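Visitor: Quick one: the structure is below, and I'll ask about it shortly.
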Amino acid sequence: MPAPTLISRDSLSALRAALDAARPPQISKREAVRAVEGSLRAARDRGCPDTQLLEILAAHGITITASTLRSYLSGATPKVRPPRKGAALAAKQSLDDAAPAIDHAADRRSTGPANGDERWDSATDAV
């Protein structure tokens, strides 16, 4: 049996630092706009119109609409999309399969008259 390979604590610390510094190779448009948000706001404060900001962003590979830019800069969180129709139907079906069916008609038959004004009369029921 071969001897286990040992790693020095210094190597482990360097590995941990490298992993902590790792960044994804690409980021989303939203993340890119957030990264330069301060510069965008400063340009707006200097009087730059959104159309000019959009042209500058597009020149650097970030093509978005004016309404998207406004929503990114407003700080609004993205809307959570409702589940797709197929997924919702599948979820409902799995719930229906898991829960036993309830016969509400049988419950109404055993509870007496449906109209609240009618009274059960045990003397007439016995006859």
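Identifiers in the structure tokens: chain A, B, ... in order shown; residue index from 1 per chain; ligand index from 1 in order shown.
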Applying 10 Å and only C-alpha atoms, which residues near segment 60-64 of chain A remain after dropping the ones on its own chain fewer than 6 positions away? List them as a ChimeraX atom specification.

Guide: /A:28-30,32-33,54

Visitor: Any idea what's packed within 12 Å of segment 68-83 of chain A, counting only C-alpha atoms, ignoring anything in its chain fewer than 6 positions away? Could you give it as a PyMOL selection string?

Guide: chain A and resi 28-42+44+49-55+57-58+62+89-92
